Structures are given as C-alpha cells and as structure tokens.
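Okay, upload_11.pdb is below, PDB, C-alpha atoms:
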MODEL        1
ATOM      1  CA  ASP A   2      80.209 203.347  85.443
ATOM      2  CA  ASP A   3      78.515 206.269  83.713
ATOM      3  CA  ALA A   4      74.819 206.070  84.400
ATOM      4  CA  GLY A   5      71.819 207.797  82.898
ATOM      5  CA  GLN A   6      72.285 208.014  79.154
ATOM      6  CA  SER A   7      70.629 211.441  78.919
ATOM      7  CA  ASN A   8      71.489 214.678  80.689
ATOM      8  CA  GLU A   9      68.107 214.755  82.382
ATOM      9  CA  LYS A  10      68.352 216.196  85.888
ATOM     10  CA  VAL A  11      67.715 213.367  88.337
ATOM     11  CA  THR A  12      67.564 213.394  92.138
ATOM     12  CA  LEU A  13      67.944 210.149  94.107
ATOM     13  CA  ARG A  14      67.580 209.568  97.838
ATOM     14  CA  PHE A  15      70.101 207.156  99.348
ATOM     15  CA  ALA A  16      69.491 206.131 102.974
ATOM     16  CA  TRP A  17      71.618 203.907 105.214
ATOM     17  CA  TRP A  18      72.598 203.261 108.814
ATOM     18  CA  GLY A  19      75.998 202.727 110.349
ATOM     19  CA  SER A  20      79.046 204.149 112.054
ATOM     20  CA  GLU A  21      80.842 207.427 111.382
ATOM     21  CA  ASP A  22      83.378 205.519 109.258
ATOM     22  CA  ARG A  23      80.636 204.157 106.996
ATOM     23  CA  HIS A  24      79.010 207.568 106.679
ATOM     24  CA  LYS A  25      82.327 209.089 105.550
ATOM     25  CA  ALA A  26      83.016 206.263 103.077
ATOM     26  CA  LEU A  27      79.576 206.415 101.465
ATOM     27  CA  LEU A  28      79.575 210.211 101.289
ATOM     28  CA  ALA A  29      82.956 209.993  99.505
ATOM     29  CA  ALA A  30      81.521 207.390  97.092
ATOM     30  CA  ILE A  31      78.517 209.636  96.385
ATOM     31  CA  ASP A  32      80.869 212.559  95.719
ATOM     32  CA  ALA A  33      82.962 210.471  93.294
ATOM     33  CA  TYR A  34      79.829 209.246  91.503
ATOM     34  CA  THR A  35      78.197 212.652  91.083
ATOM     35  CA  LYS A  36      81.430 214.126  89.696
ATOM     36  CA  LYS A  37      81.246 211.543  86.896
ATOM     37  CA  ASN A  38      77.474 212.004  86.541
ATOM     38  CA  PRO A  39      76.855 215.729  87.132
ATOM     39  CA  ASN A  40      73.196 215.505  86.059
ATOM     40  CA  ILE A  41      72.449 213.295  89.090
ATOM     41  CA  THR A  42      72.002 214.639  92.601
ATOM     42  CA  ILE A  43      72.091 212.152  95.474
ATOM     43  CA  GLU A  44      70.521 213.170  98.759
ATOM     44  CA  PRO A  45      72.129 211.179 101.611
ATOM     45  CA  GLU A  46      70.052 210.212 104.656
ATOM     46  CA  TYR A  47      72.042 208.428 107.323
ATOM     47  CA  SER A  48      71.486 207.453 110.937
ATOM     48  CA  GLY A  49      72.168 204.743 113.499
ATOM     49  CA  PHE A  50      70.729 201.231 113.261
ATOM     50  CA  ASP A  51      68.150 201.637 116.054
ATOM     51  CA  GLY A  52      64.703 202.283 114.607
ATOM     52  CA  TYR A  53      65.889 202.056 110.984
ATOM     53  CA  TYR A  54      63.751 199.032 110.135
ATOM     54  CA  GLN A  55      60.551 200.526 111.558
ATOM     55  CA  LYS A  56      61.163 203.808 109.736
ATOM     56  CA  LEU A  57      61.882 202.031 106.430
ATOM     57  CA  VAL A  58      58.761 199.864 106.633
ATOM     58  CA  THR A  59      56.648 202.943 107.388
ATOM     59  CA  GLN A  60      58.166 204.791 104.415
ATOM     60  CA  LEU A  61      57.665 201.826 102.061
ATOM     61  CA  SER A  62      54.010 201.476 103.020
ATOM     62  CA  GLY A  63      53.475 205.240 102.681
ATOM     63  CA  GLY A  64      55.262 205.584  99.329
ATOM     64  CA  THR A  65      57.979 207.830 100.779
ATOM     65  CA  ALA A  66      60.894 205.368 100.911
ATOM     66  CA  PRO A  67      64.348 206.269  99.517
ATOM     67  CA  ASP A  68      65.456 205.093  96.058
ATOM     68  CA  LEU A  69      68.416 203.196  97.530
ATOM     69  CA  THR A  70      68.746 201.469 100.892
ATOM     70  CA  PRO A  71      70.709 198.589 102.359
ATOM     71  CA  LEU A  72      68.684 195.722 103.819
ATOM     72  CA  SER A  73      69.749 193.856 106.920
ATOM     73  CA  VAL A  74      69.835 190.133 106.053
ATOM     74  CA  ASP A  75      67.088 189.606 108.656
ATOM     75  CA  TRP A  76      64.684 191.872 106.710
ATOM     76  CA  ILE A  77      65.018 190.346 103.241
ATOM     77  CA  ASP A  78      62.139 187.919 103.725
ATOM     78  CA  ASP A  79      59.665 190.586 104.914
ATOM     79  CA  ILE A  80      60.629 193.437 102.597
ATOM     80  CA  ALA A  81      62.020 191.805  99.449
ATOM     81  CA  VAL A  82      60.371 188.382  99.258
ATOM     82  CA  LYS A  83      56.918 188.605 100.891
ATOM     83  CA  GLY A  84      56.599 192.371 100.451
ATOM     84  CA  ASN A  85      58.012 192.360  96.883
ATOM     85  CA  LEU A  86      59.003 195.989  97.495
ATOM     86  CA  VAL A  87      62.449 196.076  95.871
ATOM     87  CA  LEU A  88      63.571 195.970  92.261
ATOM     88  CA  ASP A  89      64.834 192.750  90.673
ATOM     89  CA  LEU A  90      68.395 193.854  89.896
ATOM     90  CA  TYR A  91      68.624 191.291  87.082
ATOM     91  CA  SER A  92      66.300 193.705  85.226
ATOM     92  CA  GLN A  93      69.201 196.217  85.314
ATOM     93  CA  LYS A  94      71.943 193.892  84.039
ATOM     94  CA  GLN A  95      72.909 196.427  81.379
ATOM     95  CA  ASN A  96      73.635 199.020  84.107
ATOM     96  CA  ILE A  97      75.324 196.822  86.728
ATOM     97  CA  ASN A  98      78.579 194.897  86.389
ATOM     98  CA  LEU A  99      77.534 191.639  88.055
ATOM     99  CA  ASP A 100      80.924 190.091  87.215
ATOM    100  CA  ALA A 101      82.210 191.862  90.327
ATOM    101  CA  PHE A 102      80.208 189.420  92.501
ATOM    102  CA  ASP A 103      80.552 185.699  93.156
ATOM    103  CA  PRO A 104      77.363 184.223  91.594
ATOM    104  CA  ASP A 105      77.230 181.356  94.126
ATOM    105  CA  PHE A 106      77.292 183.867  96.991
ATOM    106  CA  LEU A 107      74.487 185.894  95.394
ATOM    107  CA  ASN A 108      72.410 182.780  94.697
ATOM    108  CA  LYS A 109      72.749 181.613  98.274
ATOM    109  CA  TYR A 110      71.888 184.880  99.995
ATOM    110  CA  THR A 111      70.247 187.495  97.770
ATOM    111  CA  VAL A 112      68.443 185.623  94.953
ATOM    112  CA  PHE A 113      64.844 184.526  95.594
ATOM    113  CA  ASP A 114      62.464 183.160  92.944
ATOM    114  CA  GLN A 115      65.118 184.031  90.323
ATOM    115  CA  LYS A 116      65.061 187.683  91.456
ATOM    116  CA  LEU A 117      68.215 189.476  92.636
ATOM    117  CA  VAL A 118      66.937 191.576  95.547
ATOM    118  CA  GLY A 119      70.185 193.275  96.569
ATOM    119  CA  LEU A 120      73.946 193.436  96.083
ATOM    120  CA  PRO A 121      76.237 192.938  99.092
ATOM    121  CA  MET A 122      78.239 195.935 100.236
ATOM    122  CA  GLY A 123      80.653 193.522 101.906
ATOM    123  CA  VAL A 124      80.905 190.187 103.685
ATOM    124  CA  ASN A 125      80.265 189.620 107.373
ATOM    125  CA  GLY A 126      81.071 186.545 109.421
ATOM    126  CA  MET A 127      81.323 185.105 112.908
ATOM    127  CA  VAL A 128      84.683 185.555 114.644
ATOM    128  CA  ILE A 129      86.120 185.435 118.145
ATOM    129  CA  ALA A 130      87.413 188.776 119.334
ATOM    130  CA  TYR A 131      89.890 188.567 122.195
ATOM    131  CA  ASN A 132      91.419 191.008 124.630
ATOM    132  CA  LYS A 133      95.207 190.776 124.069
ATOM    133  CA  ASP A 134      95.982 192.135 127.553
ATOM    134  CA  PHE A 135      93.699 189.524 129.128
ATOM    135  CA  PHE A 136      95.492 186.753 127.205
ATOM    136  CA  LYS A 137      98.871 188.071 128.370
ATOM    137  CA  LYS A 138      97.731 188.293 131.992
ATOM    138  CA  PHE A 139      96.513 184.682 132.066
ATOM    139  CA  GLY A 140      99.209 183.212 129.819
ATOM    140  CA  ILE A 141      96.841 182.211 127.002
ATOM    141  CA  PRO A 142      98.719 181.788 123.688
ATOM    142  CA  GLU A 143      97.233 183.994 120.961
ATOM    143  CA  ASP A 144      97.587 181.152 118.422
ATOM    144  CA  THR A 145      95.423 178.780 120.489
ATOM    145  CA  ASN A 146      93.432 176.460 118.234
ATOM    146  CA  TRP A 147      90.008 176.809 119.822
ATOM    147  CA  ASP A 148      87.447 174.040 120.161
ATOM    148  CA  TRP A 149      84.680 173.632 122.730
ATOM    149  CA  ALA A 150      86.797 171.515 125.102
ATOM    150  CA  LYS A 151      89.587 174.120 125.018
ATOM    151  CA  ILE A 152      87.087 176.907 125.843
ATOM    152  CA  ASP A 153      86.048 175.022 128.987
ATOM    153  CA  GLU A 154      89.575 173.996 129.992
ATOM    154  CA  ILE A 155      91.168 177.453 129.667
ATOM    155  CA  GLY A 156      88.115 179.282 130.974
ATOM    156  CA  ARG A 157      88.091 177.155 134.133
ATOM    157  CA  LYS A 158      91.774 177.964 134.799
ATOM    158  CA  VAL A 159      91.162 181.696 134.269
ATOM    159  CA  HIS A 160      88.352 181.807 136.822
ATOM    160  CA  GLN A 161      90.383 179.785 139.322
ATOM    161  CA  GLN A 162      93.232 182.314 139.042
ATOM    162  CA  ASP A 163      90.926 185.317 139.377
ATOM    163  CA  PRO A 164      87.324 184.924 140.619
ATOM    164  CA  ASP A 165      86.397 188.268 138.981
ATOM    165  CA  ALA A 166      87.571 187.126 135.530
ATOM    166  CA  TYR A 167      85.639 185.064 132.967
ATOM    167  CA  LEU A 168      86.737 183.826 129.570
ATOM    168  CA  LEU A 169      83.270 184.634 128.163
ATOM    169  CA  ALA A 170      80.529 187.065 129.141
ATOM    170  CA  SER A 171      77.672 185.367 127.310
ATOM    171  CA  LEU A 172      76.674 183.025 124.490
ATOM    172  CA  ASP A 173      73.481 183.297 122.461
ATOM    173  CA  VAL A 174      71.429 181.229 120.034
ATOM    174  CA  ARG A 175      72.960 182.527 116.805
ATOM    175  CA  GLY A 176      76.525 182.776 118.075
ATOM    176  CA  PHE A 177      76.643 179.499 120.008
ATOM    177  CA  LEU A 178      73.640 177.172 120.045
ATOM    178  CA  GLN A 179      72.900 176.939 116.310
ATOM    179  CA  PRO A 180      76.551 176.530 115.189
ATOM    180  CA  TYR A 181      77.322 174.067 118.021
ATOM    181  CA  VAL A 182      74.387 171.899 116.952
ATOM    182  CA  ARG A 183      75.090 172.207 113.239
ATOM    183  CA  GLN A 184      78.697 171.076 113.696
ATOM    184  CA  GLN A 185      77.219 167.761 114.861
ATOM    185  CA  THR A 186      74.365 167.444 112.350
ATOM    186  CA  ASN A 187      75.432 169.399 109.234
ATOM    187  CA  LYS A 188      71.747 170.301 108.852
ATOM    188  CA  GLN A 189      69.967 173.646 108.830
ATOM    189  CA  TRP A 190      68.392 174.642 112.164
ATOM    190  CA  ILE A 191      65.008 174.522 110.416
ATOM    191  CA  GLN A 192      65.079 172.678 107.106
ATOM    192  CA  ASP A 193      63.335 173.594 103.852
ATOM    193  CA  ASP A 194      60.433 171.244 104.624
ATOM    194  CA  LYS A 195      59.961 173.073 107.978
ATOM    195  CA  THR A 196      61.188 170.088 110.044
ATOM    196  CA  LEU A 197      63.839 170.548 112.730
ATOM    197  CA  GLY A 198      67.429 169.817 111.731
ATOM    198  CA  PHE A 199      68.289 168.346 115.152
ATOM    199  CA  ASP A 200      66.901 165.895 117.679
ATOM    200  CA  GLN A 201      66.512 165.993 121.452
ATOM    201  CA  ALA A 202      69.847 164.260 122.112
ATOM    202  CA  VAL A 203      71.912 166.862 120.202
ATOM    203  CA  LEU A 204      70.100 169.772 121.832
ATOM    204  CA  THR A 205      70.496 168.181 125.270
ATOM    205  CA  ASP A 206      74.242 167.841 124.666
ATOM    206  CA  ALA A 207      74.506 171.514 123.686
ATOM    207  CA  LEU A 208      72.575 172.772 126.714
ATOM    208  CA  THR A 209      74.501 170.441 129.051
ATOM    209  CA  TYR A 210      77.754 171.913 127.734
ATOM    210  CA  TYR A 211      76.365 175.435 128.215
ATOM    211  CA  LYS A 212      75.476 174.648 131.852
ATOM    212  CA  LYS A 213      78.968 173.230 132.397
ATOM    213  CA  LEU A 214      80.482 176.536 131.252
ATOM    214  CA  LEU A 215      78.353 178.354 133.819
ATOM    215  CA  ASP A 216      79.173 175.848 136.592
ATOM    216  CA  ASP A 217      82.918 175.997 135.818
ATOM    217  CA  GLY A 218      83.048 179.806 135.899
ATOM    218  CA  VAL A 219      83.886 180.017 132.193
ATOM    219  CA  LEU A 220      80.778 182.114 131.538
ATOM    220  CA  GLU A 221      79.910 185.162 133.603
ATOM    221  CA  PRO A 222      76.807 184.378 135.736
ATOM    222  CA  LEU A 223      73.562 185.115 133.893
ATOM    223  CA  ALA A 224      72.390 187.386 136.716
ATOM    224  CA  GLU A 225      75.247 189.715 135.718
ATOM    225  CA  SER A 226      75.655 189.220 131.948
ATOM    226  CA  SER A 227      71.912 189.441 131.215
ATOM    227  CA  LEU A 228      71.885 193.056 132.408
ATOM    228  CA  TYR A 229      73.849 194.022 129.283
ATOM    229  CA  PRO A 230      72.331 193.110 125.899
ATOM    230  CA  ASP A 231      75.475 194.585 124.292
ATOM    231  CA  ILE A 232      78.851 193.411 125.631
ATOM    232  CA  THR A 233      80.345 196.906 125.231
ATOM    233  CA  GLN A 234      78.033 198.018 128.065
ATOM    234  CA  ASN A 235      79.150 195.142 130.318
ATOM    235  CA  THR A 236      81.252 196.534 133.180
ATOM    236  CA  ALA A 237      83.325 193.323 133.361
ATOM    237  CA  TRP A 238      84.280 193.752 129.677
ATOM    238  CA  GLN A 239      85.022 197.439 130.241
ATOM    239  CA  LYS A 240      87.349 196.573 133.162
ATOM    240  CA  GLY A 241      89.197 193.964 131.083
ATOM    241  CA  ASN A 242      87.798 191.012 133.039
ATOM    242  CA  ILE A 243      86.315 189.210 129.991
ATOM    243  CA  GLY A 244      88.661 187.458 127.552
ATOM    244  CA  LEU A 245      86.601 186.495 124.508
ATOM    245  CA  SER A 246      83.550 187.724 122.641
ATOM    246  CA  PHE A 247      81.744 185.756 119.922
ATOM    247  CA  GLY A 248      80.231 188.045 117.311
ATOM    248  CA  LEU A 249      80.120 189.245 113.742
ATOM    249  CA  ALA A 250      83.217 190.941 112.357
ATOM    250  CA  SER A 251      81.150 194.116 111.929
ATOM    251  CA  THR A 252      80.971 194.530 115.733
ATOM    252  CA  LEU A 253      84.761 194.862 116.127
ATOM    253  CA  VAL A 254      84.765 198.657 115.835
ATOM    254  CA  ALA A 255      82.359 198.909 118.783
ATOM    255  CA  LEU A 256      84.396 196.424 120.847
ATOM    256  CA  LYS A 257      87.632 198.327 120.162
ATOM    257  CA  SER A 258      86.036 201.603 121.219
ATOM    258  CA  VAL A 259      85.992 200.181 124.769
ATOM    259  CA  ILE A 260      89.054 197.871 124.734
ATOM    260  CA  PRO A 261      91.425 199.078 121.989
ATOM    261  CA  ASN A 262      93.907 196.172 122.287
ATOM    262  CA  ILE A 263      91.793 193.548 120.505
ATOM    263  CA  ASP A 264      92.519 190.954 117.848
ATOM    264  CA  VAL A 265      90.496 188.176 116.235
ATOM    265  CA  THR A 266      90.851 184.439 115.955
ATOM    266  CA  THR A 267      88.833 181.642 114.386
ATOM    267  CA  TYR A 268      85.574 180.253 115.712
ATOM    268  CA  PRO A 269      85.720 177.007 117.772
ATOM    269  CA  ILE A 270      85.606 173.976 115.481
ATOM    270  CA  PRO A 271      86.017 170.466 116.981
ATOM    271  CA  ALA A 272      88.212 167.975 115.102
ATOM    272  CA  ASN A 273      85.191 165.696 114.494
ATOM    273  CA  ALA A 274      82.824 168.485 113.306
ATOM    274  CA  LYS A 275      80.793 167.587 110.189
ATOM    275  CA  THR A 276      80.963 171.234 109.058
ATOM    276  CA  SER A 277      82.533 174.427 110.413
ATOM    277  CA  ALA A 278      79.048 175.997 110.866
ATOM    278  CA  VAL A 279      80.696 179.418 110.854
ATOM    279  CA  LEU A 280      78.034 181.979 109.998
ATOM    280  CA  VAL A 281      78.895 184.044 106.916
ATOM    281  CA  ASN A 282      76.450 186.442 105.316
ATOM    282  CA  PRO A 283      76.345 189.399 102.955
ATOM    283  CA  SER A 284      76.871 192.725 104.619
ATOM    284  CA  ASN A 285      73.941 195.081 103.984
ATOM    285  CA  PRO A 286      72.700 194.018 100.532
ATOM    286  CA  LEU A 287      71.986 197.297  98.741
ATOM    287  CA  ALA A 288      68.494 197.354  97.233
ATOM    288  CA  ILE A 289      66.589 199.669  94.891
ATOM    289  CA  ASN A 290      63.070 200.663  95.853
ATOM    290  CA  LYS A 291      60.666 199.128  93.317
ATOM    291  CA  ALA A 292      58.779 202.439  93.283
ATOM    292  CA  SER A 293      61.889 204.460  92.319
ATOM    293  CA  LYS A 294      61.160 206.744  89.342
ATOM    294  CA  HIS A 295      64.804 206.418  88.227
ATOM    295  CA  PRO A 296      65.818 202.736  88.474
ATOM    296  CA  GLU A 297      68.564 202.999  85.835
ATOM    297  CA  GLU A 298      70.382 205.800  87.626
ATOM    298  CA  ALA A 299      69.808 204.130  91.002
TER     299      ALA A 299
ENDMDL
END
Represent the supplied structure as structure tokens.
Amino acid sequence: DDAGQSNEKVTLRFAWWGSEDRHKALLAAIDAYTKKNPNITIEPEYSGFDGYYQKLVTQLSGGTAPDLTPLSVDWIDDIAVKGNLVLDLYSQKQNINLDAFDPDFLNKYTVFDQKLVGLPMGVNGMVIAYNKDFFKKFGIPEDTNWDWAKIDEIGRKVHQQDPDAYLLASLDVRGFLQPYVRQQTNKQWIQDDKTLGFDQAVLTDALTYYKKLLDDGVLEPLAESSLYPDITQNTAWQKGNIGLSFGLASTLVALKSVIPNIDVTTYPIPANAKTSAVLVNPSNPLAINKASKHPEEA
C-alpha cells in the first residue's frame, strides 16, 4: 500500500532479530516498499535474538527505541500491556489492511483491552522434528502416528538395540509437561482467575510418565542432556544418536544446520485426549513504537 499522503521526507528505524534468511527477506521487503514510497527512508537494524529484549527495554525507557520492532510473544505482557509502550494498531485502520488477518487469531493472541498491539509476521507451532537416517537405521516408519505410549514403546526398543542411542534428548515444561497435562484436563495451565488448571493426580501422572522415559532409556540421561540448553549443541544429536526433537517450527533451520536430513511429523496426541494441546502462536507480532513521530508511515 502507498503510505504517507504527502511527499514529506520521513526516516523510520526498523529493528528485528533472526537468521540470515530473515534478514535477507526483510531487507528485500524494505527495498520493495521504499521503491513505491521514495520519500520514506527505512534504516534497518538487525541482530541475533540473544540480548535483543534487554536492548529493546533499555531503548524504550530511554526514548531511543526503533519505530518498528517485532515482539516475542513472551514480551507482550511486559512491553505492550503493562508498559503500554506500543501503538494500538486499530488507530491506524485506514493505513493497514486488516482483512489479511484472521480476526479470531488476532483476538486470541495480540488484542488486549480492545487494543491491537501487533500484527503477526507468521505462525509458529509445536512440531516433532525427526532424523530420517535415525528412523531408517532403527526401522521406525516415518508415518508413525505418535502418542505417548508409542514414544515409550519405540524409544525402549531403540535403546535396547543401541545403548548410545535415545529417541529423545530432553523434554521441557512448555514442550511436554503443559501439553501432556492439558490433553487430560482441557484447561489452561493457570486459569484466568489465577487458579491452577490441574490437580495433584494429573501432575503426578505426567511426572511418573517422564520418569518412566528416563528409566526405559527413551530419554537421554539428565546428567548428559542438561549440559546442552540447545539440542543443536548436544553431541549425541550431532552424531545422529537422537531420533526426535520437540520444538517450535521456527527452530527447524537450526536443527537442519547440524543434521540436514530432517523432516517433521505431528505432536503426540492420545486417542482419548480432550484437546490436542498443540501450542500455536503468532510469529513475532510486529509493533509500532507508541513514541514514533511517524505512525502512519510506520
């Protein structure tokens, strides 16, 4: 869309984090935009994810933040809701084609107190990435319909065949514990009234299952896996001795940089699950700094 009704010279700062692929894509988008709007200059500022949040918060508090920045979903509450530091994009309806977005998706993830705090640059969700060579080696069909029992059954066989091999390196709260529990309860982990969405029995079942995976050799021992916060650094993954990784689709590029022969399959869902509990969220909702001098162009 053509932006900025006048020919006033405007400079905007657009900051983001990400991979080389994202940098190239956004620089190409900026180039396409400025060709259509030659009065607008966009200064790109891009970096990796590490330290981005701290830098952004410092800039916002000091009045030196960029006009445009994505927000990680985890930051929306601090920056957009409590901090009230980003523009309500509903105030720019005449400049933004909101028909391009599913209103239910926006309402669920990026609308707070009737304010639209950002627009998703994509969709992210929980998947299982698997090493195709590992599956071939251990005779695991790629079209396996995974549930929690199948994870244990196949993982146990893998470790019996090769004591150095594990179906999984690690499982965490967001990727395992919360979805596992929610499949049984169909309640939020913490509900709107601040009460817990689970009881002791459900949590006990989940942690008992987790211990069984460790005891059966399905999960790499914690003494080894805990050394590597990121699976791509895990030497067992690098050597092809780990079969599956639970994670967001956005992590696939990093996984493939170590093990190129990777594909994805669906998250484990038992037949009796009350809900899939598969985590889906907006990828990097793009927000406008409330202090921007040029909100229309931004």
>> My list of candidates is A:Pro261, A:Pro142, A:Pro230, A:Pro271. Which is closest to Arg183 of chain A when distances are computed with only C-alpha atoms?
In response: A:Pro271
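When the PyMOL selection byres ((chain A and resi 256-260) around 9) is evaluated on the file shown here, the picked residues come out as Ala130, Asn132, Ile232, Thr233, Gln234, Trp238, Gln239, Lys240, Gly241, Ser246, Thr252, Leu253, Val254, Ala255, Pro261, Asn262 and Ile263 of chain A.
Residues captured in this structure file are A:Leu169, A:Ala170, A:Ser171, A:Asp173, A:Val174, A:Arg175, A:Gly176, A:Phe177, A:Leu178, A:Tyr211, A:Leu220, A:Glu221, A:Ser226, A:Ser246, A:Phe247, A:Gly248, according to the PyMOL selection byres ((chain A and resi 172) around 10).
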>> I need the output of the PyMOL selection byres ((chain A and resi 144) around 12) for this file as number ranges by chain; which residues are they?
In response: A: 131, 133, 136, 140-143, 145-147, 264-267
>> Is it possible to get the residues within 6 Å of (66.6, 196.4, 98.8) (coordinates as in the file, counting only C-alpha atoms) written as JSON, numbers by chain?
In response: {"A": [70, 71, 72, 87, 118, 119, 287, 288, 289]}
>> Report, in Å to a single decimal, how far apart atom CA of Thr205 of chain A and atom CA of Trp190 of chain A are.
In response: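 Computed distance, atom CA of Trp190 of chain A to atom CA of Thr205 of chain A, equals 14.8 Å.
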> For Gln161 of chain A, which residue out of A:Ala299, A:Leu90, A:Ala26, A:Val219 is the nearest one, using only C-alpha atoms?
Replying inline: A:Val219
